[in-house]
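Data file: protein.cif. Format and content: mmCIF, C-alpha atoms.
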data_run
loop_
_atom_site.group_PDB
_atom_site.id
_atom_site.type_symbol
_atom_site.label_atom_id
_atom_site.label_comp_id
_atom_site.auth_asym_id
_atom_site.auth_seq_id
_atom_site.Cartn_x
_atom_site.Cartn_y
_atom_site.Cartn_z
ATOM 1 C CA MET S 190 0.000 0.000 0.000
ATOM 2 C CA LYS S 191 0.987 3.604 -0.569
ATOM 3 C CA ILE S 192 -0.083 6.920 0.865
ATOM 4 C CA PHE S 193 -1.812 9.388 -1.426
ATOM 5 C CA VAL S 194 -2.592 12.976 -0.421
ATOM 6 C CA ASP S 195 -5.090 14.954 -2.467
ATOM 7 C CA ARG S 196 -3.165 18.245 -2.732
ATOM 8 C CA VAL S 197 -6.301 20.076 -3.852
ATOM 9 C CA LYS S 198 -8.108 19.173 -0.608
ATOM 10 C CA CYS S 199 -5.103 19.376 1.736
ATOM 11 C CA GLN S 200 -4.803 22.666 3.604
ATOM 12 C CA ASN S 201 -1.667 21.723 5.596
ATOM 13 C CA HIS S 202 -3.362 21.504 8.990
ATOM 14 C CA GLY S 203 -0.674 19.045 10.099
ATOM 15 C CA GLN S 204 -2.840 16.601 12.044
ATOM 16 C CA CYS S 205 -1.272 13.784 10.036
ATOM 17 C CA ALA S 206 2.198 14.934 11.101
ATOM 18 C CA ILE S 207 1.109 14.647 14.731
ATOM 19 C CA SER S 208 -0.408 11.179 14.204
ATOM 20 C CA ALA S 209 2.374 9.755 12.030
ATOM 21 C CA PRO S 210 5.521 11.896 12.261
ATOM 22 C CA THR S 211 7.632 9.193 10.624
ATOM 23 C CA ASN S 212 5.732 9.628 7.360
ATOM 24 C CA PHE S 213 4.314 13.162 7.434
ATOM 25 C CA GLU S 214 5.826 16.540 8.259
ATOM 26 C CA LEU S 215 5.286 20.210 7.582
ATOM 27 C CA ASP S 216 8.332 21.837 5.996
ATOM 28 C CA ALA S 217 9.739 25.264 6.883
ATOM 29 C CA ASP S 218 7.104 26.890 4.640
ATOM 30 C CA GLY S 219 4.265 24.986 6.317
ATOM 31 C CA GLU S 220 3.726 22.698 3.319
ATOM 32 C CA LEU S 221 2.981 19.038 3.882
ATOM 33 C CA GLN S 222 5.717 16.598 2.903
ATOM 34 C CA TYR S 223 5.178 12.854 3.095
ATOM 35 C CA GLN S 224 6.600 9.499 2.112
ATOM 36 C CA GLU S 225 4.328 7.483 -0.185
ATOM 37 C CA VAL S 226 5.796 4.161 0.872
ATOM 38 C CA PHE S 227 5.697 3.083 4.505
ATOM 39 C CA ASP S 228 6.782 0.163 6.650
ATOM 40 C CA GLU S 229 4.118 -2.263 7.792
ATOM 41 C CA GLU S 230 5.053 -1.479 11.401
ATOM 42 C CA ASN S 231 3.743 2.087 10.870
ATOM 43 C CA VAL S 232 0.345 1.096 9.481
ATOM 44 C CA SER S 233 -1.491 1.928 12.719
ATOM 45 C CA ASP S 234 -0.031 5.445 12.783
ATOM 46 C CA ILE S 235 -0.840 5.900 9.086
ATOM 47 C CA GLU S 236 -4.454 4.845 9.665
ATOM 48 C CA ASP S 237 -4.640 7.353 12.542
ATOM 49 C CA ALA S 238 -3.324 10.049 10.185
ATOM 50 C CA VAL S 239 -5.989 9.183 7.597
ATOM 51 C CA ASP S 240 -8.690 9.370 10.269
ATOM 52 C CA SER S 241 -7.385 12.610 11.779
ATOM 53 C CA CYS S 242 -7.336 14.612 8.541
ATOM 54 C CA PRO S 243 -10.088 17.239 8.907
ATOM 55 C CA LEU S 244 -10.536 17.433 5.139
ATOM 56 C CA GLN S 245 -10.241 13.678 4.448
ATOM 57 C CA ALA S 246 -7.427 14.374 1.980
ATOM 58 C CA ILE S 247 -5.332 11.265 2.802
ATOM 59 C CA PHE S 248 -5.948 7.867 1.228
ATOM 60 C CA LEU S 249 -4.260 4.495 1.188
ATOM 61 C CA LYS S 250 -3.949 2.915 -2.245
ATOM 62 C CA SER S 251 -2.643 -0.494 -3.196
#
Any chance you could give the structure as structure tokens?
Amino acid sequence: MKIFVDRVKCQNHGQCAISAPTNFELDADGELQYQEVFDEENVSDIEDAVDSCPLQAIFLKS
């Protein structure tokens, strides 16, 4: 599975970076950066990040 962020919906609130800091972060300009590929051990954090997004802009795709 891979992470996909809909950049049109995303408003860089950063809730995902709080839930899954290994895979999501806000850069110095406040823009979301993320790693598409993640380790299976982080799947719980990734699911929390998906659930915590206020705009539902994060998806998991196979």
Separation of atom CA of Glu220 of chain S from atom CA of Glu236 of chain S in Å: 20.6 Å
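Checking S:Leu215, S:Cys199, S:Ile192, S:Ala209 one by one against Phe248 of chain S, counting all atoms listed in the file, you find the shortest gap at S:Ile192.
Atom CA of Lys198 of chain S to atom CA of Gln245 of chain S spans 7.8 Å [interatomic distance, one decimal].
In this comparison, which uses all atoms listed in the file, the residue of S:Pro210, S:Asp216, S:Gln204, S:Arg196 approaching Asp240 of chain S most closely is S:Gln204.
Distance cut-off 9 Å, centre (-2.3, 9.0, 9.7), atoms counted only C-alpha atoms; the residues meeting this are S:Gln204, S:Cys205, S:Ala206, S:Ile207, S:Ser208, S:Ala209, S:Pro210, S:Asn212, S:Phe213, S:Val232, S:Ser233, S:Asp234, S:Ile235, S:Glu236, S:Asp237, S:Ala238, S:Val239, S:Asp240, S:Ser241, S:Cys242, S:Ile247.
Atom pair atom CA of Val197 of chain S / atom CA of Ala217 of chain S has a distance of 20.0 Å (rounded to one decimal).
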For the structure provided, state which residues fall under the PyMOL selection byres ((chain S and resi 251) around 9), and present them as an mmCIF file with C-alpha atoms, in the frame of the given file.
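Once written, expr_37.cif looks like this:
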data_model
loop_
_atom_site.group_PDB
_atom_site.id
_atom_site.type_symbol
_atom_site.label_atom_id
_atom_site.label_comp_id
_atom_site.auth_asym_id
_atom_site.auth_seq_id
_atom_site.Cartn_x
_atom_site.Cartn_y
_atom_site.Cartn_z
ATOM 1 C CA MET S 190 0.000 0.000 0.000
ATOM 2 C CA LYS S 191 0.987 3.604 -0.569
ATOM 3 C CA ILE S 192 -0.083 6.920 0.865
ATOM 4 C CA LEU S 249 -4.260 4.495 1.188
ATOM 5 C CA LYS S 250 -3.949 2.915 -2.245
#
